[in-house]
>>> print(open('upload.cif').read())   # mmCIF, N, CA and C atoms
data_input
#
loop_
_atom_site.group_PDB
_atom_site.id
_atom_site.type_symbol
_atom_site.label_atom_id
_atom_site.label_comp_id
_atom_site.auth_asym_id
_atom_site.auth_seq_id
_atom_site.Cartn_x
_atom_site.Cartn_y
_atom_site.Cartn_z
ATOM 1 N N MET A 759 -5.668 7.321 -7.615
ATOM 2 C CA MET A 759 -6.144 6.049 -8.102
ATOM 3 C C MET A 759 -7.290 5.584 -7.216
ATOM 4 N N ASP A 760 -8.182 4.773 -7.749
ATOM 5 C CA ASP A 760 -9.279 4.272 -6.935
ATOM 6 C C ASP A 760 -8.845 3.000 -6.193
ATOM 7 N N ARG A 761 -9.707 2.502 -5.321
ATOM 8 C CA ARG A 761 -9.357 1.344 -4.492
ATOM 9 C C ARG A 761 -9.051 0.102 -5.328
ATOM 10 N N ARG A 762 -9.824 -0.135 -6.375
ATOM 11 C CA ARG A 762 -9.626 -1.327 -7.207
ATOM 12 C C ARG A 762 -8.254 -1.304 -7.896
ATOM 13 N N GLU A 763 -7.902 -0.161 -8.476
ATOM 14 C CA GLU A 763 -6.582 -0.035 -9.110
ATOM 15 C C GLU A 763 -5.477 -0.175 -8.072
ATOM 16 N N LEU A 764 -5.668 0.443 -6.907
ATOM 17 C CA LEU A 764 -4.688 0.325 -5.833
ATOM 18 C C LEU A 764 -4.486 -1.138 -5.458
ATOM 19 N N GLY A 765 -5.584 -1.867 -5.290
ATOM 20 C CA GLY A 765 -5.481 -3.286 -4.946
ATOM 21 C C GLY A 765 -4.706 -4.083 -5.978
ATOM 22 N N LEU A 766 -4.954 -3.797 -7.242
ATOM 23 C CA LEU A 766 -4.247 -4.482 -8.321
ATOM 24 C C LEU A 766 -2.755 -4.162 -8.286
ATOM 25 N N ARG A 767 -2.420 -2.899 -8.106
ATOM 26 C CA ARG A 767 -1.002 -2.492 -8.075
ATOM 27 C C ARG A 767 -0.289 -3.038 -6.846
ATOM 28 N N MET A 768 -1.011 -3.175 -5.738
ATOM 29 C CA MET A 768 -0.400 -3.717 -4.527
ATOM 30 C C MET A 768 0.015 -5.176 -4.709
ATOM 31 N N GLN A 769 -0.722 -5.924 -5.533
ATOM 32 C CA GLN A 769 -0.430 -7.346 -5.710
ATOM 33 C C GLN A 769 0.965 -7.594 -6.280
ATOM 34 N N PHE A 770 1.496 -6.639 -7.018
ATOM 35 C CA PHE A 770 2.843 -6.765 -7.565
ATOM 36 C C PHE A 770 3.893 -6.855 -6.456
ATOM 37 N N TRP A 771 3.621 -6.234 -5.310
ATOM 38 C CA TRP A 771 4.608 -6.079 -4.258
ATOM 39 C C TRP A 771 4.493 -7.084 -3.112
ATOM 40 N N HIS A 772 3.471 -7.924 -3.105
ATOM 41 C CA HIS A 772 3.310 -8.805 -1.945
ATOM 42 C C HIS A 772 4.342 -9.927 -1.941
ATOM 43 N N LYS A 773 4.617 -10.443 -0.731
ATOM 44 C CA LYS A 773 5.589 -11.523 -0.559
ATOM 45 C C LYS A 773 4.910 -12.870 -0.377
ATOM 46 N N SER A 774 3.765 -12.865 0.273
ATOM 47 C CA SER A 774 3.011 -14.099 0.483
ATOM 48 C C SER A 774 1.535 -13.749 0.593
ATOM 49 N N GLN A 775 0.690 -14.762 0.608
ATOM 50 C CA GLN A 775 -0.739 -14.513 0.698
ATOM 51 C C GLN A 775 -1.163 -14.055 2.081
ATOM 52 N N TRP A 776 -0.257 -14.054 3.029
ATOM 53 C CA TRP A 776 -0.628 -13.694 4.393
ATOM 54 C C TRP A 776 -0.008 -12.383 4.843
ATOM 55 N N ASP A 777 0.745 -11.719 3.983
ATOM 56 C CA ASP A 777 1.317 -10.437 4.400
ATOM 57 C C ASP A 777 0.280 -9.321 4.235
ATOM 58 N N PRO A 778 0.470 -8.204 4.943
ATOM 59 C CA PRO A 778 -0.528 -7.124 4.902
ATOM 60 C C PRO A 778 -0.752 -6.551 3.512
ATOM 61 N N ILE A 779 0.278 -6.518 2.695
ATOM 62 C CA ILE A 779 0.136 -5.965 1.348
ATOM 63 C C ILE A 779 -0.841 -6.811 0.538
ATOM 64 N N TYR A 780 -0.689 -8.119 0.596
ATOM 65 C CA TYR A 780 -1.585 -9.010 -0.156
ATOM 66 C C TYR A 780 -3.012 -8.915 0.377
ATOM 67 N N MET A 781 -3.152 -8.960 1.693
ATOM 68 C CA MET A 781 -4.487 -8.991 2.287
ATOM 69 C C MET A 781 -5.258 -7.695 2.017
ATOM 70 N N VAL A 782 -4.616 -6.561 2.240
ATOM 71 C CA VAL A 782 -5.281 -5.274 2.000
ATOM 72 C C VAL A 782 -5.515 -5.075 0.499
ATOM 73 N N GLY A 783 -4.518 -5.414 -0.314
ATOM 74 C CA GLY A 783 -4.672 -5.281 -1.760
ATOM 75 C C GLY A 783 -5.829 -6.107 -2.298
ATOM 76 N N SER A 784 -5.994 -7.316 -1.766
ATOM 77 C CA SER A 784 -7.103 -8.177 -2.202
ATOM 78 C C SER A 784 -8.448 -7.569 -1.843
ATOM 79 N N ILE A 785 -8.549 -7.022 -0.647
ATOM 80 C CA ILE A 785 -9.807 -6.404 -0.216
ATOM 81 C C ILE A 785 -10.105 -5.166 -1.055
ATOM 82 N N TYR A 786 -9.093 -4.348 -1.297
ATOM 83 C CA TYR A 786 -9.308 -3.156 -2.131
ATOM 84 C C TYR A 786 -9.683 -3.565 -3.559
ATOM 85 N N TYR A 787 -9.087 -4.633 -4.075
ATOM 86 C CA TYR A 787 -9.401 -5.063 -5.437
ATOM 87 C C TYR A 787 -10.868 -5.491 -5.546
ATOM 88 N N ILE A 788 -11.349 -6.207 -4.545
ATOM 89 C CA ILE A 788 -12.759 -6.622 -4.526
ATOM 90 C C ILE A 788 -13.660 -5.394 -4.392
ATOM 91 N N ASN A 789 -13.219 -4.413 -3.606
ATOM 92 C CA ASN A 789 -13.867 -3.108 -3.468
ATOM 93 C C ASN A 789 -15.298 -3.197 -2.938
ATOM 94 N N GLU A 790 -15.551 -4.157 -2.046
ATOM 95 C CA GLU A 790 -16.880 -4.273 -1.460
ATOM 96 C C GLU A 790 -16.909 -3.839 0.000
ATOM 97 N N VAL A 791 -15.818 -4.019 0.696
ATOM 98 C CA VAL A 791 -15.723 -3.640 2.110
ATOM 99 C C VAL A 791 -14.383 -2.961 2.331
ATOM 100 N N TYR A 792 -14.253 -2.283 3.467
ATOM 101 C CA TYR A 792 -12.972 -1.692 3.826
ATOM 102 C C TYR A 792 -12.214 -2.663 4.710
ATOM 103 N N PRO A 793 -10.905 -2.785 4.498
ATOM 104 C CA PRO A 793 -10.101 -3.630 5.388
ATOM 105 C C PRO A 793 -9.967 -2.979 6.760
ATOM 106 N N ASP A 794 -9.569 -3.763 7.720
ATOM 107 C CA ASP A 794 -9.313 -3.250 9.060
ATOM 108 C C ASP A 794 -8.231 -2.183 8.997
ATOM 109 N N LYS A 795 -8.417 -1.086 9.731
ATOM 110 C CA LYS A 795 -7.473 0.038 9.675
ATOM 111 C C LYS A 795 -6.062 -0.398 10.024
ATOM 112 N N SER A 796 -5.904 -1.256 11.015
ATOM 113 C CA SER A 796 -4.551 -1.687 11.388
ATOM 114 C C SER A 796 -3.872 -2.447 10.256
ATOM 115 N N GLY A 797 -4.637 -3.186 9.465
ATOM 116 C CA GLY A 797 -4.068 -3.874 8.309
ATOM 117 C C GLY A 797 -3.592 -2.908 7.251
ATOM 118 N N VAL A 798 -4.372 -1.845 7.018
ATOM 119 C CA VAL A 798 -3.977 -0.832 6.038
ATOM 120 C C VAL A 798 -2.717 -0.116 6.518
ATOM 121 N N GLU A 799 -2.668 0.198 7.811
ATOM 122 C CA GLU A 799 -1.467 0.842 8.368
ATOM 123 C C GLU A 799 -0.257 -0.081 8.267
ATOM 124 N N ASP A 800 -0.451 -1.387 8.488
ATOM 125 C CA ASP A 800 0.657 -2.342 8.335
ATOM 126 C C ASP A 800 1.144 -2.385 6.884
ATOM 127 N N ALA A 801 0.212 -2.384 5.937
ATOM 128 C CA ALA A 801 0.590 -2.387 4.522
ATOM 129 C C ALA A 801 1.340 -1.101 4.172
ATOM 130 N N LEU A 802 0.871 0.025 4.683
ATOM 131 C CA LEU A 802 1.552 1.302 4.446
ATOM 132 C C LEU A 802 2.969 1.258 5.009
ATOM 133 N N ASN A 803 3.136 0.713 6.198
ATOM 134 C CA ASN A 803 4.477 0.578 6.784
ATOM 135 C C ASN A 803 5.374 -0.304 5.928
ATOM 136 N N GLU A 804 4.819 -1.398 5.388
ATOM 137 C CA GLU A 804 5.597 -2.277 4.499
ATOM 138 C C GLU A 804 6.086 -1.501 3.268
ATOM 139 N N PHE A 805 5.209 -0.696 2.670
ATOM 140 C CA PHE A 805 5.610 0.080 1.500
ATOM 141 C C PHE A 805 6.651 1.132 1.856
ATOM 142 N N ASN A 806 6.520 1.756 3.001
ATOM 143 C CA ASN A 806 7.531 2.735 3.415
ATOM 144 C C ASN A 806 8.881 2.065 3.639
ATOM 145 N N MET A 807 8.884 0.859 4.202
ATOM 146 C CA MET A 807 10.156 0.126 4.381
ATOM 147 C C MET A 807 10.743 -0.286 3.034
ATOM 148 N N LEU A 808 9.884 -0.730 2.107
ATOM 149 C CA LEU A 808 10.358 -1.065 0.760
ATOM 150 C C LEU A 808 10.997 0.146 0.094
ATOM 151 N N LYS A 809 10.335 1.274 0.205
ATOM 152 C CA LYS A 809 10.848 2.509 -0.403
ATOM 153 C C LYS A 809 12.215 2.864 0.169
ATOM 154 N N GLN A 810 12.365 2.790 1.488
ATOM 155 C CA GLN A 810 13.644 3.091 2.122
ATOM 156 C C GLN A 810 14.724 2.111 1.686
ATOM 157 N N SER A 811 14.358 0.843 1.563
ATOM 158 C CA SER A 811 15.337 -0.166 1.143
ATOM 159 C C SER A 811 15.834 0.107 -0.271
ATOM 160 N N ILE A 812 14.914 0.434 -1.171
ATOM 161 C CA ILE A 812 15.301 0.716 -2.552
ATOM 162 C C ILE A 812 16.145 1.991 -2.625
ATOM 163 N N GLN A 813 15.742 3.015 -1.873
ATOM 164 C CA GLN A 813 16.494 4.267 -1.892
ATOM 165 C C GLN A 813 17.879 4.099 -1.268
ATOM 166 N N ALA A 814 18.043 3.179 -0.308
ATOM 167 C CA ALA A 814 19.344 2.948 0.312
ATOM 168 C C ALA A 814 20.336 2.363 -0.691
ATOM 169 N N LEU A 815 19.834 1.725 -1.722
ATOM 170 C CA LEU A 815 20.688 1.158 -2.763
ATOM 171 C C LEU A 815 20.809 2.154 -3.914
ATOM 172 N N SER A 816 21.278 3.348 -3.583
ATOM 173 C CA SER A 816 21.249 4.457 -4.538
ATOM 174 C C SER A 816 21.979 4.163 -5.840
ATOM 175 N N HIS A 817 22.990 3.324 -5.795
ATOM 176 C CA HIS A 817 23.730 3.054 -7.029
ATOM 177 C C HIS A 817 22.930 2.197 -8.010
ATOM 178 N N ILE A 818 21.905 1.526 -7.536
ATOM 179 C CA ILE A 818 21.070 0.740 -8.444
ATOM 180 C C ILE A 818 19.584 1.081 -8.299
ATOM 181 N N THR A 819 19.313 2.238 -7.703
ATOM 182 C CA THR A 819 17.918 2.621 -7.492
ATOM 183 C C THR A 819 17.191 2.734 -8.817
ATOM 184 N N ARG A 820 16.021 2.166 -8.840
ATOM 185 C CA ARG A 820 15.161 2.274 -10.008
ATOM 186 C C ARG A 820 14.083 3.302 -9.691
ATOM 187 N N ARG A 821 14.161 4.448 -10.283
ATOM 188 C CA ARG A 821 13.240 5.557 -9.984
ATOM 189 C C ARG A 821 11.775 5.149 -10.146
ATOM 190 N N GLU A 822 11.488 4.351 -11.175
ATOM 191 C CA GLU A 822 10.095 3.966 -11.399
ATOM 192 C C GLU A 822 9.556 3.082 -10.268
ATOM 193 N N LEU A 823 10.421 2.272 -9.648
ATOM 194 C CA LEU A 823 9.977 1.463 -8.511
ATOM 195 C C LEU A 823 9.664 2.349 -7.314
ATOM 196 N N VAL A 824 10.537 3.310 -7.048
ATOM 197 C CA VAL A 824 10.312 4.233 -5.938
ATOM 198 C C VAL A 824 9.050 5.053 -6.196
ATOM 199 N N ASP A 825 8.862 5.493 -7.425
ATOM 200 C CA ASP A 825 7.665 6.269 -7.766
ATOM 201 C C ASP A 825 6.397 5.434 -7.575
ATOM 202 N N ASP A 826 6.438 4.168 -7.990
ATOM 203 C CA ASP A 826 5.280 3.289 -7.840
ATOM 204 C C ASP A 826 4.952 3.088 -6.363
ATOM 205 N N ILE A 827 5.967 2.796 -5.566
ATOM 206 C CA ILE A 827 5.754 2.606 -4.133
ATOM 207 C C ILE A 827 5.226 3.888 -3.501
ATOM 208 N N SER A 828 5.766 5.028 -3.896
ATOM 209 C CA SER A 828 5.315 6.304 -3.348
ATOM 210 C C SER A 828 3.842 6.557 -3.670
ATOM 211 N N GLU A 829 3.433 6.280 -4.896
ATOM 212 C CA GLU A 829 2.036 6.473 -5.283
ATOM 213 C C GLU A 829 1.117 5.559 -4.485
ATOM 214 N N ILE A 830 1.526 4.311 -4.307
ATOM 215 C CA ILE A 830 0.727 3.356 -3.538
ATOM 216 C C ILE A 830 0.627 3.811 -2.092
ATOM 217 N N ALA A 831 1.755 4.221 -1.508
ATOM 218 C CA ALA A 831 1.755 4.677 -0.112
ATOM 219 C C ALA A 831 0.878 5.911 0.059
ATOM 220 N N GLU A 832 0.941 6.833 -0.877
ATOM 221 C CA GLU A 832 0.093 8.030 -0.806
ATOM 222 C C GLU A 832 -1.387 7.659 -0.879
ATOM 223 N N SER A 833 -1.725 6.723 -1.751
ATOM 224 C CA SER A 833 -3.122 6.294 -1.860
ATOM 225 C C SER A 833 -3.580 5.584 -0.592
ATOM 226 N N LEU A 834 -2.713 4.738 -0.031
ATOM 227 C CA LEU A 834 -3.073 4.072 1.222
ATOM 228 C C LEU A 834 -3.328 5.087 2.322
ATOM 229 N N GLN A 835 -2.461 6.094 2.432
ATOM 230 C CA GLN A 835 -2.650 7.117 3.457
ATOM 231 C C GLN A 835 -3.948 7.888 3.209
ATOM 232 N N LYS A 836 -4.239 8.190 1.953
ATOM 233 C CA LYS A 836 -5.471 8.898 1.613
ATOM 234 C C LYS A 836 -6.690 8.091 2.062
ATOM 235 N N PHE A 837 -6.680 6.780 1.801
ATOM 236 C CA PHE A 837 -7.822 5.959 2.178
ATOM 237 C C PHE A 837 -7.907 5.753 3.684
ATOM 238 N N ILE A 838 -6.780 5.733 4.377
ATOM 239 C CA ILE A 838 -6.824 5.688 5.845
ATOM 240 C C ILE A 838 -7.529 6.938 6.345
ATOM 241 N N ASP A 839 -7.143 8.093 5.798
ATOM 242 C CA ASP A 839 -7.743 9.358 6.224
ATOM 243 C C ASP A 839 -9.227 9.438 5.885
ATOM 244 N N GLU A 840 -9.620 8.916 4.708
ATOM 245 C CA GLU A 840 -11.017 8.988 4.276
ATOM 246 C C GLU A 840 -11.902 7.938 4.947
ATOM 247 N N ASP A 841 -11.406 6.723 5.057
ATOM 248 C CA ASP A 841 -12.237 5.601 5.479
ATOM 249 C C ASP A 841 -12.356 5.443 6.982
ATOM 250 N N TYR A 842 -11.420 5.997 7.723
ATOM 251 C CA TYR A 842 -11.407 5.773 9.164
ATOM 252 C C TYR A 842 -11.428 7.118 9.881
ATOM 253 N N VAL A 843 -12.479 7.878 9.657
ATOM 254 C CA VAL A 843 -12.627 9.200 10.246
ATOM 255 C C VAL A 843 -12.893 9.031 11.737
ATOM 256 N N VAL A 844 -12.177 9.807 12.524
ATOM 257 C CA VAL A 844 -12.351 9.783 13.977
ATOM 258 C C VAL A 844 -13.390 10.824 14.347
ATOM 259 N N ASN A 845 -14.426 10.387 15.027
ATOM 260 C CA ASN A 845 -15.445 11.323 15.498
ATOM 261 C C ASN A 845 -15.055 11.832 16.867
ATOM 262 N N LEU A 846 -14.790 13.101 16.963
ATOM 263 C CA LEU A 846 -14.383 13.696 18.236
ATOM 264 C C LEU A 846 -15.583 14.203 18.998
#
>>> encode(input="upload.cif", output="structure tokens")
Amino acid sequence: MDRRELGLRMQFWHKSQWDPIYMVGSIYYINEVYPDKSGVEDALNEFNMLKQSIQALSHITRRELVDDISEIAESLQKFIDEDYVVNL
């Protein structure tokens, strides 16, 4: 998915306007600048915790929610790798 779609999908999962998911998702949706790497990593950590929480409730796990979170987390990791290249 591209950054704009990722930003839109992230908005479904935010808790407040000040959490990393909302902030990074908003920046990706605008798609004009890259968010701070630490913010993207914080948002990725939030999605990984959400995924673990949903999977821990195996008797009521909703596969589509886990799949959505997994896709978002994969895209966030991809953009961390692409956007914040370390020059050695």
>>> residues_around(input="upload.cif", residues="region 768-773 of chain A", least_positions_apart="3", cutoff="8 Å", atoms="only C-alpha atoms", output="list in words")
Leu764, Gly765, Asp777, Ile779, Tyr780, Gly783, Ser784 and Ile830 of chain A
>>> write_last_selection(input="upload.cif", atoms="N, CA and C atoms", output="PDB file, in the coordinates of the input")
ATOM      1  N   LEU A 764      -5.668   0.443  -6.907  1.00  0.00           N
ATOM      2  CA  LEU A 764      -4.688   0.325  -5.833  1.00  0.00           C
ATOM      3  C   LEU A 764      -4.486  -1.138  -5.458  1.00  0.00           C
ATOM      4  N   GLY A 765      -5.584  -1.867  -5.290  1.00  0.00           N
ATOM      5  CA  GLY A 765      -5.481  -3.286  -4.946  1.00  0.00           C
ATOM      6  C   GLY A 765      -4.706  -4.083  -5.978  1.00  0.00           C
ATOM      7  N   ASP A 777       0.745 -11.719   3.983  1.00  0.00           N
ATOM      8  CA  ASP A 777       1.317 -10.437   4.400  1.00  0.00           C
ATOM      9  C   ASP A 777       0.280  -9.321   4.235  1.00  0.00           C
ATOM     10  N   ILE A 779       0.278  -6.518   2.695  1.00  0.00           N
ATOM     11  CA  ILE A 779       0.136  -5.965   1.348  1.00  0.00           C
ATOM     12  C   ILE A 779      -0.841  -6.811   0.538  1.00  0.00           C
ATOM     13  N   TYR A 780      -0.689  -8.119   0.596  1.00  0.00           N
ATOM     14  CA  TYR A 780      -1.585  -9.010  -0.156  1.00  0.00           C
ATOM     15  C   TYR A 780      -3.012  -8.915   0.377  1.00  0.00           C
ATOM     16  N   GLY A 783      -4.518  -5.414  -0.314  1.00  0.00           N
ATOM     17  CA  GLY A 783      -4.672  -5.281  -1.760  1.00  0.00           C
ATOM     18  C   GLY A 783      -5.829  -6.107  -2.298  1.00  0.00           C
ATOM     19  N   SER A 784      -5.994  -7.316  -1.766  1.00  0.00           N
ATOM     20  CA  SER A 784      -7.103  -8.177  -2.202  1.00  0.00           C
ATOM     21  C   SER A 784      -8.448  -7.569  -1.843  1.00  0.00           C
ATOM     22  N   ILE A 830       1.526   4.311  -4.307  1.00  0.00           N
ATOM     23  CA  ILE A 830       0.727   3.356  -3.538  1.00  0.00           C
ATOM     24  C   ILE A 830       0.627   3.811  -2.092  1.00  0.00           C
TER      25      ILE A 830
END
>>> residues_around(input="upload.cif", residues="Met781 (chain A)", least_positions_apart="6", cutoff="8 Å", atoms="all atoms listed in the file", output="PyMOL selection string")
chain A and resi 772+774-775+787+793+797-798
>>> atom_distance(input="upload.cif", atom1="CA of Asp794 (chain A)", atom2="CA of Arg762 (chain A)")
16.4 Å
>>> atom_distance(input="upload.cif", atom1="CA of Val824 (chain A)", atom2="CA of Lys809 (chain A)")
5.8 Å
>>> atom_distance(input="upload.cif", atom1="atom C of Ile812 (chain A)", atom2="CA of Ala831 (chain A)")
14.9 Å
>>> select_by_dssp(input="upload.cif", residues="region 760-838 of chain A", states="alpha helix (DSSP H)", output="PyMOL selection string")
chain A and resi 761-769+778-788+795-814+821-838
>>> closest_residue(input="upload.cif", among="A:Asp826, A:Arg761, A:Asp841, A:Leu802", to="Ile788 (chain A)", atoms="all atoms listed in the file")
A:Arg761
>>> residues_around(input="upload.cif", residues="Tyr842 (chain A)", least_positions_apart="4", cutoff="9 Å", atoms="only C-alpha atoms", output="PyMOL selection string")
chain A and resi 795+837-838
>>> closest_residue(input="upload.cif", among="A:Tyr792, A:Glu804, A:Trp776, A:Glu763", to="Glu840 (chain A)", atoms="only C-alpha atoms")
A:Tyr792
>>> axis_aligned_box(input="upload.cif", around="region 819-836 of chain A", padding_each_side="6 Å", output="AutoDock Vina command-line options")
--center_x 6.3 --center_y 5.2 --center_z -4.0 --size_x 38.0 --size_y 19.4 --size_z 26.9
